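Peer 1: My file is entry18.txt. It has compact mmCIF, C-alpha atoms and all ligand atoms:
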```txt
# COMPACT_ATOMS: atom_id res chain seq x y z
CA MET A 1 70.70 -45.21 -57.34
CA GLN A 2 69.32 -48.32 -55.58
CA ASN A 3 71.63 -51.16 -54.57
CA MET A 4 69.15 -54.02 -55.11
CA ALA A 5 66.26 -54.55 -57.51
CA SER A 6 63.34 -56.98 -57.32
CA VAL A 7 62.64 -59.11 -60.40
CA SER A 8 59.66 -60.87 -61.94
CA ILE A 9 60.04 -63.23 -64.92
CA VAL A 10 56.99 -63.67 -67.14
CA GLY A 11 57.17 -66.82 -69.27
CA ALA A 12 59.80 -68.29 -66.95
CA ALA A 13 59.14 -71.88 -68.07
CA GLY A 14 60.33 -71.31 -71.65
CA TYR A 15 63.90 -71.42 -72.90
CA THR A 16 64.70 -67.71 -72.56
CA GLY A 17 62.69 -67.54 -69.33
CA GLN A 18 64.70 -70.31 -67.70
CA GLU A 19 67.97 -68.78 -68.90
CA THR A 20 66.90 -65.42 -67.43
CA LEU A 21 66.00 -67.17 -64.18
CA ASP A 22 69.49 -68.64 -64.05
CA ARG A 23 71.15 -65.20 -64.55
CA VAL A 24 68.91 -63.57 -61.93
CA LEU A 25 69.67 -66.27 -59.33
CA ALA A 26 73.42 -65.73 -59.95
CA HIS A 27 73.15 -61.93 -59.67
CA PRO A 28 74.23 -60.35 -56.37
CA GLN A 29 71.93 -57.34 -56.77
CA LEU A 30 68.75 -58.94 -58.12
CA GLU A 31 66.11 -60.44 -55.86
CA LEU A 32 63.70 -62.84 -57.56
CA VAL A 33 60.14 -62.18 -56.32
CA ALA A 34 57.97 -63.86 -58.98
CA ILE A 35 58.15 -66.46 -61.76
CA GLY A 36 55.24 -66.75 -64.17
CA SER A 37 54.08 -69.81 -66.10
CA ASP A 38 50.49 -70.59 -67.04
CA SER A 39 51.26 -74.31 -67.28
CA LEU A 40 53.14 -74.51 -63.95
CA ALA A 41 51.17 -71.98 -61.86
CA GLY A 42 50.82 -73.23 -58.27
CA GLN A 43 53.78 -75.60 -58.55
CA PRO A 44 57.23 -75.17 -56.97
CA ALA A 45 60.19 -73.99 -59.06
CA THR A 46 61.57 -77.54 -58.90
CA ALA A 47 58.74 -78.62 -61.23
CA LEU A 48 60.70 -76.81 -63.96
CA ASP A 49 64.16 -77.92 -62.90
CA PRO A 50 64.95 -80.16 -59.91
CA ARG A 51 68.31 -78.40 -59.52
CA LEU A 52 66.59 -75.22 -58.33
CA ASN A 53 66.35 -74.37 -54.61
CA ARG A 54 69.32 -76.48 -53.58
CA ASN A 55 70.73 -75.75 -50.15
CA GLY A 56 73.02 -72.74 -50.13
CA GLY A 57 71.66 -71.14 -53.33
CA LYS A 58 69.14 -68.34 -53.75
CA ARG A 59 65.58 -69.65 -53.71
CA ALA A 60 63.05 -69.33 -56.49
CA PRO A 61 59.39 -68.84 -55.45
CA ILE A 62 56.34 -70.92 -56.41
CA PHE A 63 55.12 -70.37 -59.98
CA ILE A 64 52.21 -67.98 -60.46
CA THR A 65 50.35 -67.21 -63.71
CA ASN A 66 52.01 -64.99 -66.30
CA ASP A 67 49.38 -62.27 -65.72
CA ALA A 68 50.06 -62.35 -61.97
CA ALA A 69 53.83 -62.16 -62.55
CA LEU A 70 53.31 -59.16 -64.81
CA ALA A 71 51.23 -57.37 -62.18
CA CYS A 72 53.37 -58.14 -59.12
CA GLY A 73 55.03 -54.71 -58.90
CA ALA A 74 58.68 -55.75 -59.34
CA ASP A 75 61.40 -53.21 -60.10
CA ILE A 76 62.31 -55.23 -63.22
CA THR A 77 59.94 -57.43 -65.23
CA PHE A 78 61.53 -59.67 -67.85
CA VAL A 79 58.95 -60.74 -70.45
CA CYS A 80 59.86 -64.06 -72.10
CA LEU A 81 56.67 -64.82 -74.04
CA PRO A 82 56.07 -65.63 -77.72
CA ASN A 83 55.85 -62.52 -79.95
CA GLU A 84 52.09 -62.28 -80.38
CA ARG A 85 51.39 -63.00 -76.72
CA ALA A 86 53.96 -60.39 -75.62
CA ALA A 87 52.46 -57.83 -78.00
CA ALA A 88 49.19 -57.97 -76.06
CA ILE A 89 50.60 -57.28 -72.59
CA GLU A 90 49.67 -54.14 -70.73
CA PRO A 91 52.95 -52.96 -69.19
CA PRO A 92 52.82 -52.64 -65.39
CA ALA A 93 52.48 -49.11 -64.04
CA ARG A 94 55.74 -49.23 -62.09
CA GLY A 95 59.26 -50.50 -62.72
CA VAL A 96 61.24 -51.36 -65.82
CA VAL A 97 59.97 -53.90 -68.36
CA ILE A 98 62.48 -55.71 -70.58
CA ASP A 99 60.74 -57.64 -73.36
CA LEU A 100 62.85 -60.42 -74.87
CA SER A 101 60.33 -60.99 -77.67
CA GLY A 102 60.14 -59.09 -80.93
CA ALA A 103 56.81 -57.48 -80.01
CA HIS A 104 58.13 -54.01 -79.26
CA ARG A 105 61.25 -53.62 -81.43
CA PHE A 106 59.57 -51.41 -84.06
CA ASP A 107 57.56 -48.20 -83.89
CA ASP A 108 55.83 -49.01 -87.16
CA ALA A 109 52.91 -51.43 -86.74
CA GLU A 110 53.09 -52.27 -90.44
CA VAL A 111 56.32 -54.19 -89.74
CA TYR A 112 54.31 -56.59 -87.56
CA ARG A 113 51.75 -57.19 -90.27
CA ARG A 114 54.38 -57.79 -92.98
CA TRP A 115 57.22 -59.55 -91.14
CA TYR A 116 55.62 -61.09 -88.03
CA GLY A 117 52.28 -62.07 -89.56
CA PHE A 118 49.93 -60.43 -87.04
CA ASP A 119 48.22 -57.10 -86.49
CA HIS A 120 49.79 -55.52 -83.42
CA PRO A 121 47.07 -55.32 -80.75
CA ARG A 122 48.60 -52.23 -79.06
CA ALA A 123 50.01 -50.46 -82.11
CA GLY A 124 49.38 -46.99 -80.68
CA GLU A 125 51.78 -47.65 -77.79
CA LEU A 126 54.80 -48.90 -79.75
CA GLY A 127 56.46 -45.48 -79.53
CA ARG A 128 56.72 -45.84 -75.73
CA TRP A 129 59.28 -48.66 -76.10
CA SER A 130 62.97 -48.24 -76.88
CA TYR A 131 65.30 -50.77 -78.50
CA ALA A 132 68.46 -51.48 -76.52
CA LEU A 133 71.60 -53.34 -77.60
CA PRO A 134 74.13 -52.21 -74.97
CA GLU A 135 77.24 -51.94 -77.17
CA LEU A 136 75.42 -49.94 -79.89
CA VAL A 137 72.17 -48.52 -78.52
CA PRO A 138 72.40 -48.22 -74.70
CA PRO A 139 69.14 -48.66 -72.79
CA HIS A 140 67.06 -45.71 -71.63
CA GLY A 141 63.53 -45.30 -70.30
CA THR A 142 61.40 -47.93 -68.63
CA LEU A 143 60.05 -50.01 -71.53
CA ILE A 144 62.90 -51.85 -73.23
CA ALA A 145 62.80 -53.99 -76.36
CA ASN A 146 65.63 -56.53 -76.16
CA PRO A 147 67.11 -57.39 -79.59
CA GLY A 148 66.63 -60.59 -81.57
CA CYS A 149 69.36 -63.24 -81.52
CA TYR A 150 70.37 -63.04 -85.20
CA ALA A 151 70.05 -59.24 -85.13
CA THR A 152 72.37 -59.11 -82.11
CA ALA A 153 75.12 -61.02 -83.90
CA ALA A 154 74.74 -59.14 -87.20
CA LEU A 155 74.61 -55.73 -85.53
CA LEU A 156 77.59 -56.45 -83.27
CA ALA A 157 79.56 -57.42 -86.40
CA LEU A 158 78.42 -54.58 -88.65
CA GLY A 159 77.19 -51.76 -86.39
CA PRO A 160 80.59 -50.14 -85.75
CA LEU A 161 81.40 -50.43 -89.49
CA ALA A 162 78.13 -49.06 -90.89
CA GLY A 163 79.60 -45.71 -91.87
CA ALA A 164 82.68 -47.24 -93.49
CA ILE A 165 81.22 -49.92 -95.76
CA ASP A 166 79.34 -49.83 -99.05
CA PRO A 167 75.68 -50.13 -97.99
CA ALA A 168 74.79 -51.89 -101.25
CA GLY A 169 74.96 -55.66 -101.39
CA VAL A 170 75.58 -56.51 -97.73
CA VAL A 171 74.79 -60.18 -97.08
CA VAL A 172 74.25 -61.73 -93.64
CA ASP A 173 74.36 -65.51 -93.52
CA GLY A 174 72.96 -66.70 -90.17
CA LYS A 175 73.10 -70.12 -88.52
CA SER A 176 71.43 -71.01 -85.25
CA GLY A 177 70.92 -73.97 -82.96
CA MET A 178 67.49 -75.50 -82.37
CA THR A 179 66.67 -73.66 -79.13
CA GLY A 180 66.28 -70.52 -81.23
CA ALA A 181 62.83 -71.82 -82.16
CA GLY A 182 61.60 -72.06 -78.55
CA LYS A 183 60.36 -74.95 -76.46
CA VAL A 184 56.97 -75.59 -78.03
CA PRO A 185 57.41 -78.66 -80.30
CA ARG A 186 56.57 -78.58 -84.01
CA PRO A 187 57.22 -81.03 -86.89
CA SER A 188 60.03 -78.98 -88.48
CA MET A 189 61.96 -79.23 -85.19
CA HIS A 190 61.71 -83.02 -84.74
CA ALA A 191 65.06 -84.80 -84.41
CA GLY A 192 64.33 -86.60 -87.70
CA ALA A 193 64.10 -83.27 -89.50
CA VAL A 194 67.02 -81.53 -87.82
CA LEU A 195 69.78 -84.00 -86.97
CA GLU A 196 72.49 -84.50 -89.63
CA ASN A 197 70.89 -81.72 -91.65
CA ILE A 198 71.32 -77.98 -92.19
CA SER A 199 68.17 -76.21 -93.39
CA PRO A 200 67.78 -72.68 -94.68
CA TYR A 201 64.42 -71.28 -93.56
CA LYS A 202 62.32 -68.10 -93.92
CA VAL A 203 64.62 -67.15 -96.81
CA GLY A 204 64.04 -63.51 -97.67
CA VAL A 205 61.20 -63.16 -95.17
CA HIS A 206 62.79 -63.55 -91.73
CA GLN A 207 61.67 -60.90 -89.23
CA HIS A 208 65.25 -60.11 -88.14
CA ALA A 209 66.06 -58.62 -91.58
CA PRO A 210 64.14 -55.37 -90.93
CA GLU A 211 65.57 -55.24 -87.40
CA ILE A 212 69.13 -55.43 -88.73
CA ALA A 213 68.34 -52.86 -91.43
CA ALA A 214 66.70 -50.45 -88.98
CA HIS A 215 69.86 -50.18 -86.88
CA LEU A 216 72.42 -50.23 -89.70
CA GLY A 217 70.56 -47.63 -91.76
CA PHE A 218 70.49 -49.78 -94.92
CA ASP A 219 68.89 -53.01 -96.11
CA VAL A 220 70.70 -56.35 -96.05
CA THR A 221 70.09 -59.76 -97.56
CA PHE A 222 69.64 -62.13 -94.62
CA VAL A 223 69.37 -65.92 -94.84
CA PRO A 224 69.02 -67.96 -91.61
CA HIS A 225 69.90 -71.65 -91.36
CA LEU A 226 69.00 -74.20 -88.71
CA LEU A 227 71.99 -76.12 -87.33
CA PRO A 228 71.68 -79.57 -85.74
CA VAL A 229 72.99 -78.29 -82.39
CA ARG A 230 71.10 -77.20 -79.29
CA ARG A 231 72.45 -73.69 -78.94
CA GLY A 232 74.84 -71.17 -80.46
CA LEU A 233 74.56 -68.80 -83.40
CA LEU A 234 76.88 -67.51 -86.11
CA ALA A 235 76.38 -64.48 -88.36
CA THR A 236 78.77 -64.43 -91.33
CA CYS A 237 78.54 -61.00 -92.97
CA TYR A 238 79.87 -60.15 -96.43
CA VAL A 239 80.59 -56.46 -97.11
CA ARG A 240 82.56 -54.22 -99.47
CA SER A 241 84.80 -52.01 -97.41
CA GLY A 242 86.01 -49.47 -99.96
CA GLY A 243 89.25 -49.23 -98.03
CA ALA A 244 91.18 -50.56 -95.07
CA GLY A 245 90.69 -49.77 -91.41
CA LEU A 246 87.67 -51.91 -90.56
CA ARG A 247 89.58 -54.01 -88.05
CA ALA A 248 90.76 -50.88 -86.24
CA LEU A 249 87.16 -49.61 -86.08
CA LEU A 250 85.97 -52.86 -84.49
CA GLU A 251 88.88 -53.03 -82.05
CA ALA A 252 88.37 -49.44 -80.94
CA HIS A 253 84.61 -49.88 -80.54
CA TYR A 254 84.87 -52.97 -78.34
CA ALA A 255 88.11 -52.11 -76.49
CA ASP A 256 86.31 -51.62 -73.15
CA SER A 257 83.51 -54.16 -73.58
CA PRO A 258 83.28 -56.86 -70.90
CA VAL A 259 81.18 -58.97 -73.27
CA VAL A 260 82.48 -58.63 -76.85
CA THR A 261 85.94 -59.82 -77.94
CA VAL A 262 87.47 -58.94 -81.32
CA LEU A 263 89.66 -61.94 -82.06
CA PRO A 264 93.29 -61.55 -83.13
CA GLU A 265 93.98 -61.63 -86.87
CA GLY A 266 93.55 -65.12 -88.32
CA ALA A 267 91.52 -66.56 -85.41
CA THR A 268 87.97 -67.75 -86.18
CA PRO A 269 84.93 -67.46 -83.91
CA ASP A 270 83.82 -70.73 -82.39
CA LEU A 271 80.41 -71.75 -81.16
CA SER A 272 82.06 -73.98 -78.59
CA ARG A 273 83.61 -71.00 -76.84
CA VAL A 274 80.48 -68.85 -76.68
CA ARG A 275 77.93 -71.60 -76.05
CA HIS A 276 76.44 -71.40 -72.52
CA THR A 277 77.88 -67.89 -72.15
CA ASP A 278 76.72 -64.29 -72.59
CA ALA A 279 79.88 -63.40 -74.52
CA ALA A 280 80.31 -62.56 -78.21
CA GLU A 281 83.30 -63.16 -80.47
CA ILE A 282 83.96 -61.21 -83.66
CA ALA A 283 86.54 -61.84 -86.36
CA LEU A 284 87.31 -60.01 -89.58
CA PHE A 285 88.94 -61.35 -92.75
CA ASP A 286 89.81 -59.82 -96.09
CA ASP A 287 88.72 -62.05 -98.97
CA GLY A 288 91.83 -62.95 -100.93
CA PHE A 289 89.93 -63.09 -104.25
CA THR A 290 87.42 -60.25 -104.25
CA ASP A 291 87.21 -56.82 -102.69
CA ARG A 292 84.91 -58.15 -99.97
CA THR A 293 85.56 -58.23 -96.25
CA ILE A 294 83.97 -60.96 -94.14
CA VAL A 295 82.96 -60.19 -90.56
CA ILE A 296 81.83 -63.11 -88.40
CA CYS A 297 80.14 -62.94 -85.02
CA ALA A 298 79.40 -65.87 -82.71
CA VAL A 299 77.00 -65.70 -79.77
CA ASP A 300 74.81 -68.07 -77.80
CA ASN A 301 71.26 -67.41 -78.99
CA LEU A 302 69.98 -67.84 -75.42
CA GLY A 303 72.88 -65.86 -73.87
CA LYS A 304 74.01 -62.65 -75.58
CA GLY A 305 71.18 -63.33 -78.03
CA ALA A 306 68.51 -63.20 -75.29
CA ALA A 307 68.77 -63.60 -71.49
CA GLY A 308 72.35 -62.37 -71.01
CA GLN A 309 71.63 -59.26 -73.04
CA ALA A 310 68.40 -58.64 -71.10
CA VAL A 311 70.27 -58.76 -67.78
CA GLN A 312 73.06 -56.60 -69.25
CA ASN A 313 70.41 -54.02 -70.19
CA ALA A 314 68.97 -54.18 -66.66
CA ASN A 315 72.44 -53.70 -65.17
CA LEU A 316 73.03 -50.57 -67.24
CA LEU A 317 69.62 -49.13 -66.38
CA PHE A 318 70.09 -49.69 -62.64
CA GLY A 319 73.76 -48.65 -62.49
CA PHE A 320 74.94 -52.16 -61.54
CA PRO A 321 78.26 -53.49 -62.93
CA GLU A 322 77.56 -54.17 -66.62
CA ALA A 323 78.48 -57.85 -66.43
CA ALA A 324 76.95 -58.68 -63.02
CA GLY A 325 75.14 -62.02 -63.16
CA LEU A 326 76.42 -62.78 -66.66
CA ARG A 327 78.34 -65.90 -67.69
CA LEU A 328 81.42 -64.81 -69.54
CA SER A 329 83.37 -68.01 -69.76
CA GLY A 330 82.07 -71.45 -70.52
CA VAL A 331 83.25 -74.96 -71.05
CA LEU A 332 84.95 -75.65 -74.38
CA VAL A 333 82.98 -78.74 -75.40
N1 LIG B 401 64.90 -68.95 -78.13
C1 LIG B 401 65.78 -68.00 -78.48
O1 LIG B 401 66.95 -68.28 -78.81
C2 LIG B 401 65.34 -66.55 -78.44
C3 LIG B 401 66.33 -65.57 -78.58
C4 LIG B 401 65.95 -64.21 -78.53
C5 LIG B 401 64.61 -63.90 -78.36
N2 LIG B 401 63.67 -64.87 -78.27
C6 LIG B 401 62.27 -64.48 -78.09
O2 LIG B 401 61.93 -64.68 -76.72
C7 LIG B 401 60.57 -65.04 -76.61
C8 LIG B 401 60.46 -66.35 -75.83
O3 LIG B 401 61.16 -67.34 -76.58
P1 LIG B 401 61.47 -68.76 -76.00
O4 LIG B 401 62.43 -69.40 -76.92
O5 LIG B 401 61.80 -68.67 -74.56
O6 LIG B 401 60.02 -69.44 -76.15
P2 LIG B 401 59.49 -70.79 -75.47
O7 LIG B 401 60.62 -71.65 -75.07
O8 LIG B 401 58.48 -71.34 -76.42
O9 LIG B 401 58.78 -70.27 -74.15
C9 LIG B 401 57.71 -69.37 -74.16
C10 LIG B 401 56.88 -69.61 -72.91
O10 LIG B 401 55.80 -68.70 -72.94
C11 LIG B 401 54.68 -69.30 -72.30
N3 LIG B 401 53.47 -68.99 -73.06
C12 LIG B 401 52.50 -68.16 -72.65
N4 LIG B 401 51.57 -68.03 -73.58
C13 LIG B 401 51.93 -68.81 -74.61
C14 LIG B 401 51.36 -69.07 -75.87
N5 LIG B 401 50.22 -68.50 -76.26
N6 LIG B 401 52.02 -69.94 -76.69
C15 LIG B 401 53.17 -70.51 -76.31
N7 LIG B 401 53.76 -70.25 -75.12
C16 LIG B 401 53.14 -69.42 -74.29
C17 LIG B 401 54.92 -70.79 -72.24
O11 LIG B 401 54.96 -71.17 -70.87
P3 LIG B 401 53.60 -71.31 -70.02
O12 LIG B 401 52.54 -71.85 -70.93
O13 LIG B 401 53.95 -72.24 -68.94
O14 LIG B 401 53.26 -69.93 -69.53
C18 LIG B 401 56.29 -71.00 -72.86
O15 LIG B 401 57.11 -71.86 -72.09
C19 LIG B 401 60.02 -65.18 -78.04
O16 LIG B 401 59.29 -64.04 -78.36
C20 LIG B 401 61.27 -65.30 -78.89
O17 LIG B 401 61.09 -64.75 -80.18
C21 LIG B 401 64.01 -66.20 -78.28
```
Reformat the file's structure so that it appears as structure tokens.

Peer 2:
Amino acid sequence: MQNMASVSIVGAAGYTGQETLDRVLAHPQLELVAIGSDSLAGQPATALDPRLNRNGGKRAPIFITNDAALACGADITFVCLPNERAAAIEPPARGVVIDLSGAHRFDDAEVYRRWYGFDHPRAGELGRWSYALPELVPPHGTLIANPGCYATAALLALGPLAGAIDPAGVVVDGKSGMTGAGKVPRPSMHAGAVLENISPYKVGVHQHAPEIAAHLGFDVTFVPHLLPVRRGLLATCYVRSGGAGLRALLEAHYADSPVVTVLPEGATPDLSRVRHTDAAEIALFDDGFTDRTIVICAVDNLGKGAAGQAVQNANLLFGFPEAAGLRLSGVLV
């Protein structure tokens, strides 16, 4: 097992790319060799963020194009591109590729046509990729599909309970901050549309619904909402338990996790505690009026929902400490 690994980040100028860059620079066993951005190619890392390359810290190299970053021969390539662009990449011949997009989460190309709205350009190769959510589906192989942010929260909440709940009528109510939509501006993300508002969107057609279903083994109703905050994500899940013992299942499943905390009875997850971190909080409540149980998970969409999870997957693949480079505590406000 090697002690260090070289890293390239493709799409490093986007939200998840910059978050991945931050984790890699903080990681004692990762060496950053390339950062890709088509818009910043040829410019120093400080063109993205003037705080980079301060004295005493690890240095980030000059930006190269995304294609060049993909082809640079790193041990680990993190791909942080939009879905359709990521779907078209030819994976490098050597090293591990961890794709943060949704482009390789399904074997079935039909899912891309129906839920993502494009024909997958490399449909025949989807079977080479494996989905990895460390606490439920540990990574293996060299082509890794990192989970979606909403799917991460819903699966962390429900995955350990899947065999103990009634699969009919499960509802996942999701809420995410604005960075979940990426950096490229669009009218629905203007401050005038988002601030002092909460908007449901893609109701019944969001692409994380089939991802959640695929790993629970049954379909769910999933409704995402846009919150007027920059980052952080909640999944509130409504299930019928058919009996007690769900809390014990969750506590046992996450007892050794460095990342996921099952909160004590009565405590509620809080975006403020997980924001800017790679941690997840889960809480479980029995509904006092119906036979439903409510399981709530909070993550940062850019942390455990994206970059933190990608680095966690890399750590497990390379035999590094699972939480190396991750942020596990944040500021409260
Ligand atoms: N945001 C989240 O919370 C989150 C969570 C989990 C997963 N994801 C997934 O991670 C991937 C990246 O998301 P993100 O939020 O980091 O996106 P983003 O902020 O929009 O960044 C994507 C970057 O990709 C580059 N790019 C290359 N070709 C592009 C194209 N044709 N159109 C637009 N950008 C292009 C752009 O930089 P250059 O032009 O400089 O190359 C851009 O900065 C997406 O597939 C997303 O679904 C996002």

Peer 1: Atom O1 of ligand LIG 401 (chain B) to atom CA of Leu302 of chain A: how many Å, to one decimal?

Peer 2: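 Rounded to one decimal, the two atoms are 4.6 Å apart.
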
Peer 1: Identify, counting all atoms listed in the file, the protein, DNA and RNA residues located within 9 Å of ligand LIG 401 (chain B), and give them as an mmCIF file with C-alpha atoms, in the frame of the given file.

Peer 2:
```
data_model
loop_
_atom_site.group_PDB
_atom_site.id
_atom_site.type_symbol
_atom_site.label_atom_id
_atom_site.label_comp_id
_atom_site.auth_asym_id
_atom_site.auth_seq_id
_atom_site.Cartn_x
_atom_site.Cartn_y
_atom_site.Cartn_z
ATOM 1 C CA VAL A 10 56.990 -63.670 -67.140
ATOM 2 C CA GLY A 11 57.170 -66.820 -69.270
ATOM 3 C CA ALA A 12 59.800 -68.290 -66.950
ATOM 4 C CA ALA A 13 59.140 -71.880 -68.070
ATOM 5 C CA GLY A 14 60.330 -71.310 -71.650
ATOM 6 C CA TYR A 15 63.900 -71.420 -72.900
ATOM 7 C CA THR A 16 64.700 -67.710 -72.560
ATOM 8 C CA GLY A 17 62.690 -67.540 -69.330
ATOM 9 C CA GLN A 18 64.700 -70.310 -67.700
ATOM 10 C CA GLU A 19 67.970 -68.780 -68.900
ATOM 11 C CA GLY A 36 55.240 -66.750 -64.170
ATOM 12 C CA SER A 37 54.080 -69.810 -66.100
ATOM 13 C CA ASP A 38 50.490 -70.590 -67.040
ATOM 14 C CA SER A 39 51.260 -74.310 -67.280
ATOM 15 C CA LEU A 40 53.140 -74.510 -63.950
ATOM 16 C CA ALA A 41 51.170 -71.980 -61.860
ATOM 17 C CA THR A 65 50.350 -67.210 -63.710
ATOM 18 C CA ASN A 66 52.010 -64.990 -66.300
ATOM 19 C CA VAL A 79 58.950 -60.740 -70.450
ATOM 20 C CA CYS A 80 59.860 -64.060 -72.100
ATOM 21 C CA LEU A 81 56.670 -64.820 -74.040
ATOM 22 C CA PRO A 82 56.070 -65.630 -77.720
ATOM 23 C CA ASN A 83 55.850 -62.520 -79.950
ATOM 24 C CA GLU A 84 52.090 -62.280 -80.380
ATOM 25 C CA ARG A 85 51.390 -63.000 -76.720
ATOM 26 C CA ALA A 86 53.960 -60.390 -75.620
ATOM 27 C CA ASP A 99 60.740 -57.640 -73.360
ATOM 28 C CA LEU A 100 62.850 -60.420 -74.870
ATOM 29 C CA SER A 101 60.330 -60.990 -77.670
ATOM 30 C CA GLY A 102 60.140 -59.090 -80.930
ATOM 31 C CA ALA A 103 56.810 -57.480 -80.010
ATOM 32 C CA ASN A 146 65.630 -56.530 -76.160
ATOM 33 C CA PRO A 147 67.110 -57.390 -79.590
ATOM 34 C CA GLY A 148 66.630 -60.590 -81.570
ATOM 35 C CA CYS A 149 69.360 -63.240 -81.520
ATOM 36 C CA TYR A 150 70.370 -63.040 -85.200
ATOM 37 C CA THR A 152 72.370 -59.110 -82.110
ATOM 38 C CA SER A 176 71.430 -71.010 -85.250
ATOM 39 C CA GLY A 177 70.920 -73.970 -82.960
ATOM 40 C CA MET A 178 67.490 -75.500 -82.370
ATOM 41 C CA THR A 179 66.670 -73.660 -79.130
ATOM 42 C CA GLY A 180 66.280 -70.520 -81.230
ATOM 43 C CA ALA A 181 62.830 -71.820 -82.160
ATOM 44 C CA GLY A 182 61.600 -72.060 -78.550
ATOM 45 C CA LYS A 183 60.360 -74.950 -76.460
ATOM 46 C CA VAL A 184 56.970 -75.590 -78.030
ATOM 47 C CA PRO A 185 57.410 -78.660 -80.300
ATOM 48 C CA ARG A 231 72.450 -73.690 -78.940
ATOM 49 C CA GLY A 232 74.840 -71.170 -80.460
ATOM 50 C CA LEU A 233 74.560 -68.800 -83.400
ATOM 51 C CA ASP A 300 74.810 -68.070 -77.800
ATOM 52 C CA ASN A 301 71.260 -67.410 -78.990
ATOM 53 C CA LEU A 302 69.980 -67.840 -75.420
ATOM 54 C CA GLY A 303 72.880 -65.860 -73.870
ATOM 55 C CA LYS A 304 74.010 -62.650 -75.580
ATOM 56 C CA GLY A 305 71.180 -63.330 -78.030
ATOM 57 C CA ALA A 306 68.510 -63.200 -75.290
ATOM 58 C CA ALA A 307 68.770 -63.600 -71.490
#
```

Peer 1: Would you mind listing what lies within 9 Å of segment 325-333 of chain A as a list of chain:residue names, with only C-alpha atoms counted and same-chain residues fewer than 6 positions away left out?

Peer 2: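 Listing them by chain and then by number gives A:Asp22, A:Arg23, A:Val24, A:Leu25, A:Ala26, A:His27, A:Pro28, A:Gln29, A:Leu30, A:Pro258, A:Val259, A:Ser272, A:Arg273, A:Val274, A:Arg275, A:His276, A:Thr277, A:Asp278, A:Ala279, A:Gly303, A:Gly308, A:Gln309, A:Val311, A:Gln312, A:Asn315.
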
Peer 1: Could you pull the residues within 9 Å of segment 199-201 of chain A, counting only C-alpha atoms, minus those fewer than 5 positions along the same chain, as a list in words?

Peer 2: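 Listed by chain and then number, they are Lys175, Val194, His206, Val223, Pro224, His225, Leu226 and Leu227 of chain A.
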
Peer 1: In Å to one decimal, how far is atom CA of Phe78 of chain A from atom CA of Trp129 of chain A?

Peer 2: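 Taking atom CA of Trp129 of chain A and atom CA of Phe78 of chain A, their separation equals 13.9 Å.
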
Peer 1: List every protein, DNA or RNA residue that has at least one atom no more than 10 Å from (60.3, -51.3, -84.3) in the file's coordinates, counting only C-alpha atoms, and write the result as a list in words.

Peer 2: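 So the residues meeting the distance criterion are Gly102, Ala103, His104, Arg105, Phe106, Asp107, Asp108, Ala109, Glu110, Val111, Tyr112, Leu126, Gly127, Trp129, Ser130, Tyr131, Ala145, Pro210, Glu211, Ala214 and His215 of chain A.
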
Peer 1: From the set A:Gly57, A:Pro139, A:Pro92, A:Gly73, which residue has the shortest atom-to-atom contact distance to Ala310 of chain A, counting only C-alpha atoms?

Peer 2: A:Pro139

Peer 1: Select, from A:Ser188, A:Asn313, A:Gln207, A:Thr142, the residue with the minimum atom-to-atom distance to Gly117 of chain A, counting all atoms listed in the file.

Peer 2: A:Gln207

Peer 1: When you draw a straight line from atom CA of Phe285 of chain A to atom CA of Gly266 of chain A, how long is it in Å?

Peer 2: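 Between these atoms lies a distance of 7.4 Å.
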
Peer 1: When distances are computed from all atoms listed in the file, which of A:Ile294, A:Ala314, A:Ala168, A:Ala153 shows the smallest separation from Ala235 of chain A?

Peer 2: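 Of all the options, A:Ala153 lies closest to Ala235 of chain A.
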
Peer 1: For Tyr254 of chain A, which of A:Ala60, A:Met1, A:Leu136, A:Leu234 is the closest residue, counting all atoms listed in the file?

Peer 2: A:Leu136

Peer 1: Could you check the closest approach to Leu246 of chain A for each of A:Ala164, A:Gly169, A:Lys202, A:Gly174 and tell me which residue wins, using only C-alpha atoms?

Peer 2: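 Using only C-alpha atoms, Leu246 of chain A sits closest to A:Ala164.
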
Peer 1: Quick one: axis-aligned box around all listed atoms of segment 162-168 of chain A, 8 Å on every side, centre and edge lengths in Å to one decimal, written as AutoDock Vina command-line options.

Peer 2:
```
--center_x 78.7 --center_y -48.8 --center_z -96.1 --size_x 23.9 --size_y 22.2 --size_z 26.4
```

Peer 1: Which neighbours of Pro61 of chain A fall inside 10 Å, counting all atoms listed in the file, when residues of the same chain fewer than 5 positions from it are skipped, and could you give them as a list in words?

Peer 2: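 Contacts, in chain order: Leu32, Val33, Ala34, Ile35, Gly36, Gln43, Pro44, Ala45, Thr46 and Asn53 of chain A.
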
Peer 1: Which neighbours of Pro269 of chain A fall inside 10 Å, counting only C-alpha atoms, when residues of the same chain fewer than 6 positions from it are skipped, and could you give them as a PyMOL selection string?

Peer 2: chain A and resi 234+261-263+280-284+296-299

Peer 1: Which residue out of A:Ala191, A:Leu216, A:Ala88, A:Leu317 has the minimum interatomic distance to Ala154 of chain A when all atoms listed in the file are used?

Peer 2: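 So, comparing all the options, the nearest one is A:Leu216.
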